[in-house]
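This is model-v5.txt. It holds compact mmCIF, C-alpha atoms and all ligand atoms.
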```
# COMPACT_ATOMS: atom_id res chain seq x y z
CA MET A 1 96.28 95.56 67.12
CA SER A 2 95.34 99.16 67.78
CA ALA A 3 97.46 102.06 66.68
CA ARG A 4 98.29 102.90 70.30
CA SER A 5 99.44 99.39 71.12
CA VAL A 6 101.81 99.45 68.14
CA ALA A 7 103.32 102.65 69.51
CA ALA A 8 103.78 101.02 72.89
CA SER A 9 105.34 97.90 71.38
CA PRO A 10 108.67 97.06 73.06
CA GLU A 11 110.15 96.03 69.72
CA PHE A 12 109.86 99.46 68.15
CA ASP A 13 109.52 102.69 70.06
CA PRO A 14 109.15 105.65 67.70
CA ARG A 15 109.95 108.07 70.51
CA ALA A 16 113.31 106.41 71.18
CA VAL A 17 114.09 106.40 67.46
CA ARG A 18 112.93 109.99 67.22
CA ALA A 19 115.33 111.05 69.96
CA GLU A 20 118.19 110.12 67.64
CA PHE A 21 117.16 112.91 65.24
CA PRO A 22 118.31 116.23 66.72
CA ILE A 23 116.58 118.34 64.07
CA LEU A 24 113.15 117.12 65.12
CA ASP A 25 113.57 118.66 68.56
CA GLN A 26 112.88 122.29 67.73
CA LEU A 27 110.15 124.89 67.73
CA VAL A 28 108.77 126.38 64.53
CA GLU A 29 106.48 129.36 64.93
CA GLY A 30 106.72 128.72 68.67
CA LYS A 31 105.36 125.18 68.37
CA PRO A 32 107.10 121.80 68.30
CA LEU A 33 108.01 120.98 64.71
CA VAL A 34 105.81 118.36 63.03
CA TYR A 35 107.82 117.15 60.05
CA LEU A 36 105.56 115.47 57.49
CA ASP A 37 107.64 116.03 54.36
CA ASN A 38 109.51 112.76 54.45
CA ALA A 39 108.82 111.81 50.83
CA ALA A 40 110.79 114.91 49.80
CA SER A 41 113.65 114.12 52.17
CA THR A 42 114.02 112.31 55.46
CA GLN A 43 115.91 113.73 58.43
CA LYS A 44 119.27 112.39 59.61
CA PRO A 45 120.02 110.42 62.77
CA GLU A 46 122.98 111.30 64.99
CA ALA A 47 124.84 108.22 63.66
CA VAL A 48 124.88 109.69 60.14
CA ILE A 49 125.77 113.21 61.25
CA GLU A 50 128.57 111.81 63.39
CA ALA A 51 129.94 109.55 60.62
CA ILE A 52 130.26 112.55 58.31
CA ALA A 53 131.80 114.76 61.00
CA HIS A 54 134.21 111.98 62.01
CA TYR A 55 135.31 111.51 58.44
CA TYR A 56 136.08 115.23 58.00
CA ARG A 57 137.69 115.49 61.45
CA HIS A 58 139.94 112.46 61.14
CA ASP A 59 140.08 110.68 57.80
CA HIS A 60 139.52 113.05 54.91
CA SER A 61 141.66 112.62 51.83
CA ASN A 62 140.93 111.83 48.22
CA VAL A 63 140.12 108.18 47.57
CA HIS A 64 141.78 105.50 45.46
CA ARG A 65 144.88 107.45 44.65
CA GLY A 66 147.12 108.30 47.57
CA ALA A 67 149.77 106.10 49.12
CA HIS A 68 149.33 107.49 52.62
CA ALA A 69 147.41 106.72 55.76
CA LEU A 70 144.54 109.17 55.30
CA ALA A 71 144.00 108.13 51.69
CA ASP A 72 143.91 104.51 52.79
CA ARG A 73 141.40 105.24 55.55
CA ALA A 74 139.16 107.34 53.30
CA THR A 75 139.26 104.66 50.60
CA ALA A 76 138.50 101.88 53.07
CA ALA A 77 135.51 103.78 54.50
CA PHE A 78 134.25 104.67 51.02
CA GLU A 79 134.51 101.10 49.74
CA GLN A 80 133.00 99.73 52.97
CA ALA A 81 129.91 101.79 52.18
CA ARG A 82 129.74 100.10 48.77
CA SER A 83 129.72 96.71 50.50
CA ASP A 84 127.03 97.96 52.89
CA VAL A 85 124.84 99.08 49.98
CA ALA A 86 125.37 95.77 48.15
CA ALA A 87 124.26 93.84 51.24
CA PHE A 88 121.35 96.26 51.85
CA LEU A 89 120.02 95.50 48.37
CA GLY A 90 119.89 91.78 49.12
CA GLY A 91 123.39 90.60 48.31
CA ALA A 92 124.34 92.33 45.08
CA LYS A 93 127.98 92.27 44.03
CA ARG A 94 130.11 95.27 44.97
CA GLU A 95 130.89 95.76 41.27
CA GLU A 96 127.17 96.23 40.63
CA ILE A 97 126.90 99.26 42.94
CA ILE A 98 127.64 102.60 41.26
CA PHE A 99 127.63 105.75 43.37
CA THR A 100 125.90 108.73 41.78
CA ARG A 101 124.48 112.07 42.90
CA GLY A 102 121.06 110.54 43.44
CA THR A 103 118.12 108.82 41.78
CA THR A 104 118.01 111.46 39.06
CA GLU A 105 121.63 110.97 38.07
CA SER A 106 121.31 107.17 38.25
CA ILE A 107 118.45 107.24 35.74
CA ASN A 108 120.31 109.70 33.52
CA LEU A 109 123.32 107.38 33.58
CA VAL A 110 121.23 104.44 32.34
CA ALA A 111 119.39 106.56 29.78
CA ASN A 112 122.61 107.99 28.37
CA SER A 113 124.84 104.93 28.51
CA TRP A 114 122.44 102.03 27.96
CA GLY A 115 119.67 103.98 26.22
CA ARG A 116 121.69 105.80 23.60
CA THR A 117 123.57 102.66 22.58
CA GLN A 118 120.72 100.13 22.75
CA LEU A 119 117.65 102.01 21.54
CA GLY A 120 116.76 102.78 17.95
CA PRO A 121 113.84 104.10 15.89
CA GLY A 122 110.56 102.46 16.83
CA ASP A 123 111.89 100.78 19.96
CA GLU A 124 109.50 101.33 22.84
CA ILE A 125 110.09 102.63 26.36
CA LEU A 126 107.19 101.76 28.66
CA LEU A 127 106.53 104.21 31.50
CA THR A 128 103.52 104.93 33.71
CA GLU A 129 101.46 108.03 34.40
CA MET A 130 102.66 108.10 38.00
CA GLU A 131 106.38 108.45 37.29
CA HIS A 132 108.41 111.24 38.87
CA HIS A 133 109.86 113.65 36.30
CA ALA A 134 113.25 112.03 36.99
CA ASN A 135 111.89 108.84 35.44
CA ILE A 136 110.27 110.61 32.48
CA VAL A 137 112.49 113.41 31.18
CA PRO A 138 115.72 111.40 30.71
CA TRP A 139 113.71 108.90 28.63
CA GLN A 140 112.13 111.70 26.59
CA MET A 141 115.61 113.03 25.88
CA VAL A 142 116.92 109.62 24.85
CA ALA A 143 113.81 108.98 22.76
CA GLU A 144 114.40 112.23 20.92
CA ALA A 145 118.01 111.29 20.26
CA THR A 146 117.37 107.71 19.13
CA GLY A 147 113.89 107.72 17.58
CA ALA A 148 112.57 105.44 20.32
CA VAL A 149 108.92 105.83 21.28
CA ILE A 150 107.49 106.35 24.76
CA ARG A 151 104.36 104.48 25.83
CA VAL A 152 102.57 105.44 29.02
CA ALA A 153 100.46 103.07 31.11
CA PRO A 154 97.50 104.75 32.84
CA VAL A 155 96.63 104.98 36.51
CA LEU A 156 93.20 103.99 37.87
CA ASP A 157 91.05 106.48 39.78
CA ASN A 158 92.17 105.06 43.15
CA GLY A 159 95.84 105.55 42.29
CA GLU A 160 96.65 101.97 41.38
CA LEU A 161 98.52 101.22 38.19
CA ASP A 162 96.12 99.95 35.52
CA PHE A 163 97.95 96.65 35.26
CA VAL A 164 95.70 95.31 32.50
CA ALA A 165 96.48 98.36 30.37
CA TRP A 166 100.18 98.15 31.28
CA THR A 167 100.26 94.50 30.19
CA ALA A 168 98.52 95.37 26.92
CA LEU A 169 101.15 98.04 26.19
CA LEU A 170 103.99 95.59 26.79
CA GLY A 171 105.01 93.91 23.56
CA GLU A 172 107.86 92.73 21.43
CA ARG A 173 108.80 96.32 20.58
CA THR A 174 109.23 97.12 24.28
CA ARG A 175 112.96 97.38 24.96
CA LEU A 176 112.85 99.15 28.29
CA VAL A 177 110.37 99.25 31.16
CA ALA A 178 110.94 101.96 33.76
CA MET A 179 108.66 102.08 36.78
CA THR A 180 108.61 103.54 40.24
CA GLU A 181 108.25 100.95 42.98
CA VAL A 182 106.37 103.46 45.16
CA SER A 183 104.66 106.64 43.96
CA ASN A 184 105.92 109.74 45.75
CA THR A 185 102.56 111.48 45.21
CA LEU A 186 100.07 108.66 45.79
CA GLY A 187 101.99 106.23 48.01
CA THR A 188 100.94 103.42 45.65
CA VAL A 189 103.17 100.34 45.78
CA ASN A 190 103.50 98.85 42.31
CA PRO A 191 103.69 95.10 41.64
CA VAL A 192 107.30 95.35 40.48
CA ALA A 193 108.12 91.63 40.82
CA GLU A 194 105.31 90.79 38.41
CA VAL A 195 106.40 93.68 36.19
CA VAL A 196 109.96 92.36 35.96
CA GLN A 197 108.78 88.84 35.10
CA ARG A 198 106.43 90.01 32.39
CA ALA A 199 108.94 92.47 30.94
CA HIS A 200 111.65 89.81 30.82
CA ALA A 201 109.26 87.46 29.03
CA VAL A 202 109.21 89.89 26.09
CA GLY A 203 112.95 90.53 26.32
CA ALA A 204 112.73 94.03 27.83
CA VAL A 205 115.21 95.47 30.31
CA VAL A 206 113.70 96.83 33.55
CA LEU A 207 114.68 99.84 35.64
CA ILE A 208 112.96 100.20 39.00
CA ASP A 209 112.94 103.61 40.70
CA GLY A 210 113.26 102.75 44.37
CA ALA A 211 113.54 106.34 45.65
CA GLN A 212 110.35 106.03 47.73
CA ALA A 213 110.62 102.32 48.49
CA VAL A 214 113.92 101.73 50.27
CA ASN A 215 113.02 103.74 53.37
CA HIS A 216 109.71 101.94 53.88
CA PHE A 217 110.58 98.26 53.39
CA PRO A 218 113.56 96.00 52.63
CA VAL A 219 114.43 95.52 48.98
CA ASP A 220 116.08 92.45 47.46
CA VAL A 221 117.18 93.25 43.93
CA LEU A 222 118.32 89.68 43.28
CA ALA A 223 114.97 88.16 44.21
CA LEU A 224 113.29 90.94 42.22
CA GLU A 225 115.56 90.15 39.25
CA ALA A 226 115.62 93.86 38.39
CA ASP A 227 118.14 94.88 35.74
CA PHE A 228 118.60 98.34 37.23
CA TYR A 229 117.48 99.63 40.63
CA VAL A 230 118.06 103.24 41.71
CA PHE A 231 117.63 105.30 44.87
CA SER A 232 118.82 108.45 46.68
CA GLY A 233 120.67 108.68 49.98
CA HIS A 234 118.72 111.66 51.29
CA LYS A 235 115.37 109.83 51.34
CA LEU A 236 117.00 107.00 53.29
CA PHE A 237 118.16 109.00 56.34
CA GLY A 238 121.47 109.69 54.56
CA PRO A 239 123.02 112.81 53.03
CA THR A 240 121.97 114.72 49.95
CA GLY A 241 124.11 114.58 46.83
CA VAL A 242 124.63 110.84 46.88
CA GLY A 243 122.68 107.98 45.38
CA VAL A 244 122.98 104.52 43.97
CA LEU A 245 122.64 102.74 40.67
CA TYR A 246 122.47 98.98 41.00
CA GLY A 247 122.87 97.26 37.64
CA ARG A 248 123.26 93.61 36.70
CA GLU A 249 126.95 93.03 36.12
CA ALA A 250 126.59 91.75 32.54
CA LEU A 251 124.59 94.83 31.54
CA LEU A 252 126.96 97.28 33.23
CA GLU A 253 129.97 95.52 31.68
CA ALA A 254 128.52 96.01 28.21
CA MET A 255 127.65 99.69 28.74
CA PRO A 256 130.05 102.47 27.77
CA PRO A 257 131.08 105.05 30.38
CA TRP A 258 128.93 108.17 30.26
CA GLN A 259 131.35 110.64 31.82
CA GLY A 260 135.08 110.73 31.26
CA GLY A 261 137.79 111.88 33.61
CA GLY A 262 139.98 110.73 36.44
CA GLU A 263 139.31 107.49 38.32
CA MET A 264 137.53 105.78 35.43
CA ILE A 265 140.51 105.10 33.17
CA GLU A 266 143.09 102.37 32.89
CA ARG A 267 145.48 104.27 30.62
CA VAL A 268 145.23 107.62 28.87
CA SER A 269 147.29 108.41 25.81
CA PHE A 270 147.03 110.92 22.98
CA SER A 271 148.65 108.53 20.55
CA ALA A 272 147.29 105.14 21.62
CA GLY A 273 143.86 106.30 22.86
CA THR A 274 142.32 105.75 26.27
CA THR A 275 141.21 102.54 27.92
CA TYR A 276 138.75 102.36 30.78
CA THR A 277 138.93 100.68 34.11
CA GLY A 278 136.44 98.01 35.20
CA LEU A 279 133.33 98.08 37.35
CA PRO A 280 132.27 99.91 39.36
CA TRP A 281 134.76 102.76 38.85
CA LYS A 282 134.18 102.90 35.08
CA PHE A 283 131.03 104.88 35.91
CA GLU A 284 132.50 107.04 38.68
CA ALA A 285 134.54 109.72 36.90
CA GLY A 286 136.09 112.39 39.11
CA THR A 287 136.35 112.78 42.86
CA PRO A 288 133.17 111.31 44.34
CA HIS A 289 131.08 112.65 47.21
CA ILE A 290 133.21 110.74 49.71
CA ALA A 291 131.57 112.09 52.86
CA GLY A 292 128.16 111.51 51.31
CA VAL A 293 128.92 107.89 50.50
CA ILE A 294 130.27 107.32 54.02
CA GLY A 295 127.14 108.97 55.44
CA LEU A 296 124.96 106.72 53.30
CA GLY A 297 126.81 103.67 54.61
CA ALA A 298 126.18 104.90 58.16
CA ALA A 299 122.48 105.40 57.37
CA ILE A 300 122.19 101.85 56.09
CA ARG A 301 123.95 100.40 59.13
CA TRP A 302 121.67 102.49 61.38
CA LEU A 303 118.59 101.21 59.57
CA ASP A 304 119.87 97.63 59.77
CA GLY A 305 119.92 98.00 63.54
CA LEU A 306 116.16 98.59 63.65
CA ASP A 307 113.35 96.08 63.54
CA ARG A 308 112.22 97.11 60.07
CA ALA A 309 109.07 95.01 60.07
CA ALA A 310 107.98 96.71 63.30
CA ALA A 311 108.91 100.13 61.87
CA ALA A 312 106.75 99.39 58.82
CA ARG A 313 103.84 98.38 61.06
CA HIS A 314 104.21 101.64 62.96
CA GLU A 315 104.12 103.63 59.70
CA GLN A 316 101.03 101.71 58.60
CA ALA A 317 99.33 102.48 61.90
CA LEU A 318 100.11 106.18 61.42
CA LEU A 319 98.65 105.98 57.91
CA GLU A 320 95.51 104.27 59.11
CA ARG A 321 94.97 107.00 61.69
CA VAL A 322 95.45 109.87 59.27
CA ASP A 323 93.50 108.21 56.46
CA THR A 324 90.56 107.43 58.73
CA ALA A 325 90.44 111.05 59.84
CA LEU A 326 90.74 112.44 56.30
CA ALA A 327 88.15 109.99 54.94
CA GLY A 328 85.69 111.31 57.51
CA MET A 329 86.01 114.93 56.33
CA SER A 330 83.40 115.86 53.76
CA ASP A 331 85.50 118.72 52.36
CA VAL A 332 88.58 116.56 51.79
CA THR A 333 89.24 114.67 48.55
CA ARG A 334 91.95 112.10 48.95
CA VAL A 335 94.17 111.52 45.91
CA GLY A 336 95.66 108.02 45.96
CA VAL A 337 93.80 105.41 47.99
CA ALA A 338 95.32 102.25 46.54
CA PRO A 339 95.24 99.25 48.87
CA GLY A 340 98.62 98.54 50.47
CA LYS A 341 100.03 102.02 49.95
CA VAL A 342 102.84 103.46 52.07
CA ALA A 343 102.30 106.25 54.59
CA VAL A 344 101.62 109.11 52.18
CA ALA A 345 98.40 111.13 52.39
CA SER A 346 97.75 113.35 49.37
CA PHE A 347 94.56 115.37 49.35
CA LEU A 348 92.68 118.51 48.38
CA LEU A 349 90.69 120.67 50.76
CA ALA A 350 87.56 122.12 49.15
CA GLY A 351 87.64 125.86 48.60
CA SER A 352 91.39 126.19 49.06
CA HIS A 353 94.56 126.02 47.01
CA PRO A 354 97.08 123.44 48.23
CA SER A 355 99.77 126.09 48.67
CA ASP A 356 97.50 128.10 51.02
CA VAL A 357 96.87 125.00 53.11
CA GLY A 358 100.63 124.38 53.25
CA MET A 359 101.29 127.95 54.36
CA LEU A 360 98.62 127.85 57.08
CA LEU A 361 100.02 124.54 58.38
CA ASP A 362 103.55 125.99 58.34
CA GLN A 363 102.30 128.80 60.57
CA GLN A 364 101.41 126.07 63.07
CA GLY A 365 104.87 124.48 62.88
CA MET A 366 103.88 121.73 60.46
CA ALA A 367 105.88 120.84 57.37
CA VAL A 368 103.95 119.31 54.48
CA ARG A 369 104.58 119.58 50.76
CA THR A 370 102.17 121.15 48.30
CA GLY A 371 102.13 121.28 44.50
CA HIS A 372 102.65 118.78 41.71
CA HIS A 373 105.41 116.83 43.49
CA CYS A 374 107.36 116.52 40.21
CA THR A 375 104.53 114.39 38.78
CA MET A 376 102.82 116.81 36.38
CA PRO A 377 101.42 114.05 34.10
CA LEU A 378 99.73 112.54 37.16
CA MET A 379 98.22 115.94 38.05
CA ASP A 380 96.94 116.19 34.45
CA ARG A 381 95.46 112.71 34.75
CA TYR A 382 93.42 113.81 37.79
CA GLY A 383 92.77 117.28 36.36
CA ILE A 384 94.19 119.03 39.43
CA PRO A 385 96.99 121.59 39.87
CA GLY A 386 98.52 119.83 42.84
CA THR A 387 97.82 118.29 46.22
CA VAL A 388 98.69 118.76 49.86
CA ARG A 389 100.94 115.84 50.76
CA ALA A 390 101.66 114.68 54.28
CA SER A 391 104.27 111.92 54.16
CA PHE A 392 105.24 109.97 57.25
CA SER A 393 108.36 108.23 58.44
CA LEU A 394 109.22 105.84 61.24
CA TYR A 395 110.01 108.68 63.67
CA ASN A 396 106.57 110.29 63.41
CA THR A 397 104.15 109.79 66.28
CA PHE A 398 100.42 109.44 66.78
CA ASP A 399 100.43 112.77 68.58
CA GLU A 400 101.79 114.35 65.43
CA VAL A 401 99.00 112.80 63.37
CA ASP A 402 96.50 114.26 65.83
CA ARG A 403 98.15 117.68 65.73
CA PHE A 404 98.07 117.58 61.95
CA ILE A 405 94.35 116.81 61.93
CA GLU A 406 93.71 119.60 64.45
CA GLY A 407 95.88 121.83 62.28
CA LEU A 408 93.59 121.21 59.33
CA ASP A 409 90.63 122.33 61.44
CA LYS A 410 92.47 125.57 62.12
CA VAL A 411 93.25 125.96 58.42
CA ARG A 412 89.50 125.77 57.74
CA SER A 413 88.85 128.57 60.17
CA PHE A 414 91.18 130.84 58.19
CA LEU A 415 89.68 130.07 54.79
N1 LIG B 501 111.83 109.27 41.84
C1 LIG B 501 110.95 109.40 42.84
C2 LIG B 501 109.81 108.44 42.96
C3 LIG B 501 111.11 110.44 43.76
O1 LIG B 501 110.24 110.59 44.75
C4 LIG B 501 112.20 111.33 43.62
C5 LIG B 501 112.40 112.48 44.59
N2 LIG B 501 111.26 113.19 44.90
C6 LIG B 501 113.08 111.14 42.56
C7 LIG B 501 112.87 110.09 41.71
C8 LIG B 501 114.26 112.04 42.37
O2 LIG B 501 115.16 111.88 43.42
P1 LIG B 501 116.40 112.87 43.58
O3 LIG B 501 115.85 114.26 43.50
O4 LIG B 501 116.93 112.53 44.94
O5 LIG B 501 117.35 112.56 42.48
```
Go through the file and emit its structure as structure tokens.
Amino acid sequence: MSARSVAASPEFDPRAVRAEFPILDQLVEGKPLVYLDNAASTQKPEAVIEAIAHYYRHDHSNVHRGAHALADRATAAFEQARSDVAAFLGGAKREEIIFTRGTTESINLVANSWGRTQLGPGDEILLTEMEHHANIVPWQMVAEATGAVIRVAPVLDNGELDFVAWTALLGERTRLVAMTEVSNTLGTVNPVAEVVQRAHAVGAVVLIDGAQAVNHFPVDVLALEADFYVFSGHKLFGPTGVGVLYGREALLEAMPPWQGGGEMIERVSFSAGTTYTGLPWKFEAGTPHIAGVIGLGAAIRWLDGLDRAAAARHEQALLERVDTALAGMSDVTRVGVAPGKVAVASFLLAGSHPSDVGMLLDQQGMAVRTGHHCTMPLMDRYGIPGTVRASFSLYNTFDEVDRFIEGLDKVRSFL
């Protein structure tokens, strides 16, 4: 099937989907915006914008506490989103869905609550060279506090995880495996199902960072048997400031709360001490990002209405087109060419700094990201300061790929 015929497919029309995203319909530097920074954050469909506006126009109140109509409506909408997320992750229990500020906070929650109580001197945390800083720094902090040791599995030249080396690093001292399902810099899709099985065989607990996975393909945390799975709303067509921690009920039950305050208590007393409420609220101290959670629920329902397999095929066709073009350019070095990767094209243009390329593309109305992409150890591994990263989503078009390639030609003429 050619790239063009995928675009014309009646089952998935990227132009119709695109029309639901008002922000994409604008000029930048006098030219139609080409938004290729989707790995940093995706744009929001009308359904999400409207859900948030509707909530503030009609239903806003604090949740879980008021005995009045608005409080009931806000609580119902908030808790409906929890059910939507549970279903989205393949049928998790509502109690297993904790709302956080995002992937970063979800990982910090696990590191602080599970990590600080379960890890001790000499225990090993197994990471990879391609982790985002959000899946490195919280573990470094917990390692420093507990005496645990961090092991790092290498990445092969093509951007694949060195699975042989990873397996060799896994052992009976490994207590925690944390791995990204999809690399934000390389697009590599890691074999997380195999990772979970092998980690469980040595008794390790597994956290999967799904920040870059959930918007590209469906995820089933039960089939995956992940212990923890985390993602952010804003990379999934939802709002910023909201994210999810999925945790297996038995693990979450055994973990202490990490933040104290309202909403997470059963009874507070100076004389008799404080007792905590159950899951999921035990981990949701304070007033949550109610509008954000409702917006995330709307994003998930919007995504559920699409043919996701067809959307994924469209993204792959976009990737094939851009990768073919980049591979044919003698002055381009692609960083991350693992088979089966998602639609992320990271590269260097000879004789230029990534930030200059980004600036010259911006002048043509094109948004890409440049720099280390919060993966400094990965940059060190390749011996580069950063890359230019064009990351695609289901609303991007073949015309945009072509404009991007033409844009690179123009960049060359300025260098
Ligand atoms: N992990 C990965 C793989 C990411 O791409 C990102 C965001 N770039 C994060 C974690 C952190 O997500 P957030 O900033 O939304 O917490």
Show me a table, sorted first by chain and then by increasing residue number, of the residues of chain A having an atom at most 8 Å from ligand LIG 501 (chain B), each with its shortest atom pair and the distance in Å to one decimal, counting all atoms listed in the file and written as CSV.
```
residue,atom,partner,partner_atom,distance
A:Ala39,CA,B:LIG501,O1,6.4
A:Ala40,CA,B:LIG501,N2,5.2
A:Ser41,CA,B:LIG501,N2,7.7
A:Arg101,CA,B:LIG501,O5,7.2
A:Gly102,CA,B:LIG501,O5,4.3
A:Thr103,CA,B:LIG501,O5,3.9
A:Thr104,CA,B:LIG501,O5,3.7
A:Glu105,CA,B:LIG501,O5,6.3
A:Ser106,CA,B:LIG501,O5,7.9
A:Glu131,CA,B:LIG501,C2,6.6
A:His132,CA,B:LIG501,N1,4.9
A:His133,CA,B:LIG501,C7,7.1
A:Ala134,CA,B:LIG501,C7,5.1
A:Asn135,CA,B:LIG501,N1,6.4
A:Thr180,CA,B:LIG501,C2,5.7
A:Glu181,CA,B:LIG501,C2,7.7
A:Val182,CA,B:LIG501,C2,6.4
A:Ser183,CA,B:LIG501,C2,5.5
A:Asn184,CA,B:LIG501,O1,4.5
A:Thr185,CA,B:LIG501,O1,7.7
A:Asp209,CA,B:LIG501,N1,5.9
A:Gly210,CA,B:LIG501,C2,6.8
A:Ala211,CA,B:LIG501,C1,4.9
A:Gln212,CA,B:LIG501,C2,5.4
A:Phe231,CA,B:LIG501,O2,7.2
A:Ser232,CA,B:LIG501,O4,4.8
A:Gly233,CA,B:LIG501,O4,7.4
A:His234,CA,B:LIG501,O4,6.7
A:Lys235,CA,B:LIG501,O4,7.1
A:Thr240,CA,B:LIG501,O4,7.4
A:Gly241,CA,B:LIG501,O4,7.7
A:Gly243,CA,B:LIG501,O4,7.3
A:His373,CA,B:LIG501,N2,7.0
A:Cys374,CA,B:LIG501,N2,6.9
```
Problem - Residues near Trp114 in chain A, cut-off 9 Å, only C-alpha atoms, skip fewer than 6 positions along chain, as a list in words - result: Leu251, Leu252, Ala254, Met255 and Pro256 of chain A
Handout entry: Residue nearest Ala53 in chain A - candidates A:Val177, A:Ala298, A:Val189, A:Leu24, atoms counted: only C-alpha atoms
Key = A:Ala298
Handout entry: Nearest residue to Arg116 in chain A from the set A:Asp59, A:Glu144, A:Asp409, A:Glu249 (distances using only C-alpha atoms)
Key =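 Comparing A:Asp59, A:Glu144, A:Asp409, A:Glu249 against Arg116 in chain A, the winner is A:Glu144.
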Contact residues around Thr146 in chain A with all atoms listed in the file at 12 Å, ignoring same-chain residues under 6 positions, as a PDB file with C-alpha atoms, in the frame of the given file:
```
ATOM      1  CA  ALA A 111     119.390 106.560  29.780  1.00  0.00           C
ATOM      2  CA  ASN A 112     122.610 107.990  28.370  1.00  0.00           C
ATOM      3  CA  TRP A 114     122.440 102.030  27.960  1.00  0.00           C
ATOM      4  CA  GLY A 115     119.670 103.980  26.220  1.00  0.00           C
ATOM      5  CA  ARG A 116     121.690 105.800  23.600  1.00  0.00           C
ATOM      6  CA  THR A 117     123.570 102.660  22.580  1.00  0.00           C
ATOM      7  CA  GLN A 118     120.720 100.130  22.750  1.00  0.00           C
ATOM      8  CA  LEU A 119     117.650 102.010  21.540  1.00  0.00           C
ATOM      9  CA  GLY A 120     116.760 102.780  17.950  1.00  0.00           C
ATOM     10  CA  PRO A 121     113.840 104.100  15.890  1.00  0.00           C
ATOM     11  CA  GLY A 122     110.560 102.460  16.830  1.00  0.00           C
ATOM     12  CA  ASP A 123     111.890 100.780  19.960  1.00  0.00           C
ATOM     13  CA  GLU A 124     109.500 101.330  22.840  1.00  0.00           C
ATOM     14  CA  ILE A 125     110.090 102.630  26.360  1.00  0.00           C
ATOM     15  CA  TRP A 139     113.710 108.900  28.630  1.00  0.00           C
ATOM     16  CA  GLN A 140     112.130 111.700  26.590  1.00  0.00           C
TER      17      GLN A 140
END
```
Practice task
Have a look at CA of Gly305 in chain A and CA of Glu46 in chain A and let me know their distance in Å, one decimal.
Solution key: 13.7 Å
Practice task
Considering only C-alpha atoms, state which residue in the set A:Ile136, A:Leu245, A:Leu318, A:Val85 is at the smallest distance from Pro218 in chain A.
Solution key: A:Val85
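Restricting the calculation to all atoms listed in the file, the smallest distance between Ile300 in chain A and any of A:Ala350, A:Val342, A:Val205, A:Leu236 is found for A:Leu236.
Separating CA of Ala193 in chain A from CA of Val110 in chain A is a distance of 20.2 Å.
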Handout entry: Point (107.1, 117.3, 66.0), cut-off 12 Å, counting all atoms listed in the file, residues as a count of residues only
Key = 36
Handout entry: Spatial neighbours of Leu169 in chain A, max dist 12 Å, all atoms listed in the file, sep filter under 3 positions, as a PyMOL selection string
Key = chain A and resi 124-128+150-154+162-166+172-177+198-199+202
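Shortest separation to Phe228 in chain A among A:Ile97, A:Ile265, A:Leu360, A:Met329 occurs at residue A:Ile97, atoms counted being only C-alpha atoms.
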Practice task
Go through A:Ile98, A:Ala92, A:Val192, A:Leu415 one by one, measure the shortest atom-to-atom distance of each to Leu279 in chain A using all atoms listed in the file, and give the residue with the smallest value.
Solution key: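 Closest candidate: A:Ile98.
Residues within 9 Å of Arg267 in chain A, counting all atoms listed in the file and excluding same-chain residues fewer than 6 positions away, are A:Gly273, A:Thr274, A:Thr275, A:Tyr276, A:Thr277.
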Exercise for the section: Give me, please, the distance in Å between CA of Asn158 in chain A and CA of Lys341 in chain A, quoted to one decimal. Expected result: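 CA of Lys341 in chain A lies 10.8 Å from CA of Asn158 in chain A.
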Handout entry: Nearby residues (only C-alpha atoms) at most 12 Å from Pro339 in chain A, same-chain spacing under 5 positions excluded, as number ranges by chain
Key = A: 158-161, 186-191, 316, 319-320, 323
